[in-house]
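Trainee: Questions regarding the structure given below will be posed in turn.
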Amino acid sequence: GNSVTQMEGPVTLSEEAFLTINCTYTATGYPSLFWYVQYPGEGLQLLLKATKADDKGSNKGFEATYRKETTSFHLEKGSVQVSDSAVYFCALLLYNQGGKLIFGQGTELSVKP
Amino acid sequence: KAGVTQTPRYLIKTRGQQVTLSCSPISGHRSVSWYQQTPGQGLQFLFEYFSETQRNKGNFPGRFSGRQFSNSRSEMNVSTLELGDSALYLCASSLELEYNEQFFGPGTRLTVL
């Protein structure tokens, strides 16, 4: 079936450290891929997206590249801040399933000053 | 432009009761999707509505139902509540067929005692 697997958290980093959160997917066809972020007590915010292979999504210093050959969409940031502390969700969307997003389990990130 | 709003934000019910949650999409958005978020199961798709019609449905029992009104506002109903229905219920809205840009509300936190 269609699914998303993320690295387990929590991930704890010091401010200005490099961040990688791994995400791999299984899907029939060619999905669109997303990273969403959830701050405490809030809903989800779209962080970045990529709709076809080799696309790179980027926003607020975060980047992820759609790798069809490895079915991956890893999230990276060169220098994290305390304000980046949140839960990050990788998700996929199949073109023939309307608005149904399939999410990974989420990875909690904690950034210490 | 106002974001997606959900009411109420918090709700406490007892087993066996029923509950109705409301979601008002961003103005102009006609597609509304609902998700259940729990620590154990993560984010799971419930259903999607467009133009007052259910377009897609997740794998939930018939106790979970929804509807959409002509102004695109949506409600979801859970009947005969069980302890396991305690969760954060999120709705997301998007423009017609623009599923790559879904905007989430803050959620309704339902606690079943």
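Here, A, B, ... name the chains of the structure tokens in the order displayed, residue numbers run from 1 inside each chain, and ligands are numbered from 1 in the same displayed order.
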Counting only C-alpha atoms, what is within 12 Å of A:Lys68, bar same-chain residues fewer than 6 positions away, as number ranges by chain?

Mentor: A: 24-33, 50-55, 74

Trainee: Take the residues that were just selected and, keeping all heavy atoms, output them as a short mmCIF file (atom, residue, chain, number, x, y, z; two decimals), in the first residue's frame.

Mentor:
```
data_model
loop_
_atom_site.label_atom_id
_atom_site.label_comp_id
_atom_site.auth_asym_id
_atom_site.auth_seq_id
_atom_site.Cartn_x
_atom_site.Cartn_y
_atom_site.Cartn_z
N THR A 24 11.14 8.40 3.62
CA THR A 24 11.03 7.57 2.43
C THR A 24 9.57 7.22 2.23
O THR A 24 8.77 7.25 3.18
CB THR A 24 11.86 6.28 2.55
OG1 THR A 24 11.45 5.57 3.72
CG2 THR A 24 13.34 6.58 2.64
N TYR A 25 9.20 6.89 1.02
CA TYR A 25 7.80 6.62 0.73
C TYR A 25 7.65 5.38 -0.14
O TYR A 25 8.58 4.97 -0.83
CB TYR A 25 7.15 7.83 0.05
CG TYR A 25 7.68 8.10 -1.33
CD1 TYR A 25 7.09 7.53 -2.45
CD2 TYR A 25 8.77 8.95 -1.52
CE1 TYR A 25 7.59 7.76 -3.72
CE2 TYR A 25 9.28 9.18 -2.79
CZ TYR A 25 8.69 8.60 -3.88
OH TYR A 25 9.19 8.82 -5.14
N THR A 26 6.46 4.84 -0.09
CA THR A 26 6.03 3.77 -1.00
C THR A 26 4.74 4.23 -1.62
O THR A 26 3.81 4.62 -0.90
CB THR A 26 5.79 2.46 -0.22
OG1 THR A 26 6.99 2.07 0.44
CG2 THR A 26 5.36 1.35 -1.17
N ALA A 27 4.69 4.22 -2.94
CA ALA A 27 3.48 4.72 -3.60
C ALA A 27 3.35 4.11 -4.98
O ALA A 27 4.34 3.86 -5.66
CB ALA A 27 3.52 6.24 -3.70
N THR A 28 2.11 3.92 -5.38
CA THR A 28 1.82 3.52 -6.76
C THR A 28 1.72 4.81 -7.56
O THR A 28 1.02 5.75 -7.17
CB THR A 28 0.52 2.74 -6.83
OG1 THR A 28 -0.51 3.49 -6.16
CG2 THR A 28 0.65 1.40 -6.15
N GLY A 29 2.44 4.87 -8.65
CA GLY A 29 2.41 6.10 -9.43
C GLY A 29 3.42 7.11 -8.92
O GLY A 29 4.38 6.77 -8.21
N TYR A 30 3.19 8.36 -9.26
CA TYR A 30 4.15 9.42 -8.93
C TYR A 30 3.47 10.46 -8.05
O TYR A 30 2.76 11.35 -8.54
CB TYR A 30 4.67 10.04 -10.22
CG TYR A 30 5.32 9.00 -11.10
CD1 TYR A 30 4.67 8.50 -12.22
CD2 TYR A 30 6.57 8.49 -10.77
CE1 TYR A 30 5.25 7.52 -13.00
CE2 TYR A 30 7.16 7.51 -11.55
CZ TYR A 30 6.49 7.02 -12.67
OH TYR A 30 7.07 6.05 -13.43
N PRO A 31 3.71 10.36 -6.75
CA PRO A 31 3.01 11.27 -5.85
C PRO A 31 3.64 12.66 -5.81
O PRO A 31 4.79 12.85 -6.24
CB PRO A 31 3.19 10.58 -4.49
CG PRO A 31 4.50 9.88 -4.61
CD PRO A 31 4.56 9.39 -6.05
N SER A 32 2.90 13.60 -5.27
CA SER A 32 3.48 14.86 -4.81
C SER A 32 3.92 14.63 -3.38
O SER A 32 3.32 13.86 -2.64
CB SER A 32 2.45 15.99 -4.87
OG SER A 32 2.08 16.26 -6.20
N LEU A 33 4.98 15.33 -2.98
CA LEU A 33 5.55 15.13 -1.64
C LEU A 33 5.59 16.45 -0.88
O LEU A 33 5.80 17.52 -1.47
CB LEU A 33 6.96 14.54 -1.75
CG LEU A 33 7.06 13.19 -2.44
CD1 LEU A 33 8.53 12.80 -2.64
CD2 LEU A 33 6.33 12.12 -1.65
N ALA A 50 7.15 19.31 -3.30
CA ALA A 50 7.75 19.00 -4.60
C ALA A 50 6.77 18.10 -5.34
O ALA A 50 6.24 17.15 -4.76
CB ALA A 50 9.10 18.32 -4.43
N THR A 51 6.51 18.41 -6.58
CA THR A 51 5.47 17.68 -7.30
C THR A 51 5.98 16.69 -8.33
O THR A 51 5.20 15.91 -8.87
CB THR A 51 4.50 18.67 -7.98
OG1 THR A 51 5.26 19.48 -8.86
CG2 THR A 51 3.81 19.54 -6.95
N LYS A 52 7.29 16.72 -8.63
CA LYS A 52 7.81 15.73 -9.57
C LYS A 52 9.27 15.44 -9.25
O LYS A 52 9.93 16.20 -8.52
CB LYS A 52 7.65 16.20 -11.01
CG LYS A 52 8.38 17.46 -11.36
CD LYS A 52 8.08 17.84 -12.80
CE LYS A 52 8.91 19.02 -13.27
NZ LYS A 52 8.66 20.23 -12.51
N ALA A 53 9.74 14.34 -9.79
CA ALA A 53 11.10 13.88 -9.51
C ALA A 53 12.13 14.97 -9.80
O ALA A 53 12.01 15.71 -10.78
CB ALA A 53 11.39 12.63 -10.32
N ASP A 54 13.12 15.06 -8.91
CA ASP A 54 14.24 15.99 -8.97
C ASP A 54 13.86 17.42 -8.61
O ASP A 54 14.74 18.29 -8.55
CB ASP A 54 14.93 15.97 -10.34
CG ASP A 54 15.49 14.61 -10.67
OD1 ASP A 54 15.96 13.92 -9.74
OD2 ASP A 54 15.44 14.21 -11.85
N ASP A 55 12.58 17.68 -8.35
CA ASP A 55 12.18 19.00 -7.84
C ASP A 55 12.78 19.21 -6.47
O ASP A 55 12.85 18.28 -5.66
CB ASP A 55 10.66 19.08 -7.71
CG ASP A 55 10.00 19.64 -8.94
OD1 ASP A 55 10.70 19.92 -9.93
OD2 ASP A 55 8.77 19.79 -8.92
N HIS A 74 14.12 13.78 1.93
CA HIS A 74 14.72 14.13 3.21
C HIS A 74 14.71 15.64 3.42
O HIS A 74 15.06 16.41 2.51
CB HIS A 74 16.16 13.62 3.28
CG HIS A 74 16.30 12.15 3.03
ND1 HIS A 74 15.39 11.23 3.51
CD2 HIS A 74 17.25 11.45 2.35
CE1 HIS A 74 15.77 10.01 3.14
NE2 HIS A 74 16.89 10.12 2.43
#
```

Trainee: Using only C-alpha atoms, which protein or nucleic acid residues come within 7 Å of B:Gly107? Drop anything in the same chain fewer than 4 positions from it, and give the result as a VMD selection string.

Mentor: (chain A and resid 43) or (chain B and resid 6 9 88 to 91)

Trainee: Write out, as a tab-separated table (two decimals), in the first residue's frame, the residues just selected, with N, CA, C and O atoms.

Mentor:
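Contents of selection.tsv, freshly written:
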```tsv
chain	number	residue	atom	x	y	z
A	43	GLY	N	-2.31	23.75	14.43
A	43	GLY	CA	-2.53	22.83	13.33
A	43	GLY	C	-1.27	22.69	12.50
A	43	GLY	O	-0.19	23.11	12.91
B	6	GLN	N	-11.89	26.41	13.15
B	6	GLN	CA	-12.57	25.22	13.65
B	6	GLN	C	-13.18	25.53	15.01
B	6	GLN	O	-12.54	26.17	15.85
B	9	ARG	N	-12.74	24.65	19.96
B	9	ARG	CA	-11.33	24.27	20.02
B	9	ARG	C	-11.10	23.10	20.98
B	9	ARG	O	-10.22	22.28	20.75
B	88	LEU	N	-7.08	14.86	18.31
B	88	LEU	CA	-7.16	16.19	17.71
B	88	LEU	C	-7.74	16.00	16.31
B	88	LEU	O	-7.21	15.20	15.53
B	89	TYR	N	-8.82	16.68	16.02
B	89	TYR	CA	-9.46	16.58	14.71
B	89	TYR	C	-9.12	17.84	13.93
B	89	TYR	O	-9.45	18.94	14.34
B	90	LEU	N	-8.49	17.63	12.80
B	90	LEU	CA	-8.03	18.73	11.96
B	90	LEU	C	-8.81	18.76	10.66
B	90	LEU	O	-9.12	17.71	10.09
B	91	CYS	N	-9.11	19.95	10.20
B	91	CYS	CA	-9.65	20.06	8.86
B	91	CYS	C	-8.71	20.90	8.01
B	91	CYS	O	-7.93	21.71	8.53
```

Trainee: Kindly provide, as a ChimeraX atom specification, the residues of chain B having any atom no farther than 12 Å from an atom of chain A, counting only C-alpha atoms.

Mentor: /B:3-6,9-10,30-50,54-59,88-109

Trainee: Mind checking which residues fall within 6 Å of stretch 73-81 of chain B, counting only C-alpha atoms, ignoring those fewer than 3 positions away in the same chain, and posting them as a ChimeraX atom specification?

Mentor: /B:15-24,63-69

Trainee: Please identify the strand (DSSP E or B) residues within stretch 70-105 of chain B (assignment by DSSP from backbone atoms) and present them as a PyMOL selection string.

Mentor: chain B and resi 74-78+87-94+103-104

Trainee: What is the atom CA of B:Ala2 to atom CA of B:Ala87 distance in Å?

Mentor: 24.9 Å

Trainee: Suppose you want the space between atom CA of A:Asn59 and atom CA of A:Leu19; what is it in Å?

Mentor: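 Computing the Euclidean distance for atom CA of A:Asn59 and atom CA of A:Leu19 yields 14.2 Å.
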
Trainee: How far is it from atom CA of B:Lys13 to atom CA of A:Tyr39, in Å with one decimal?

Mentor: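 A separation of 25.6 Å between them.
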
Trainee: With a distance cut-off of 8 Å and only C-alpha atoms, select the neighbouring residues of A:Gly9, excluding the residue or stretch itself and same-chain residues fewer than 4 positions from it, and output the selection as a list in words.

Mentor: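 Everything that qualifies: Gly106, Thr107, Glu108 and Leu109 of chain A.
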
Trainee: At a cut-off of 6 Å, using only C-alpha atoms, what residues contact A:Phe73? Leave out same-chain residues fewer than 2 positions from it and give the result as a PyMOL selection string.

Mentor: chain A and resi 23+64-66
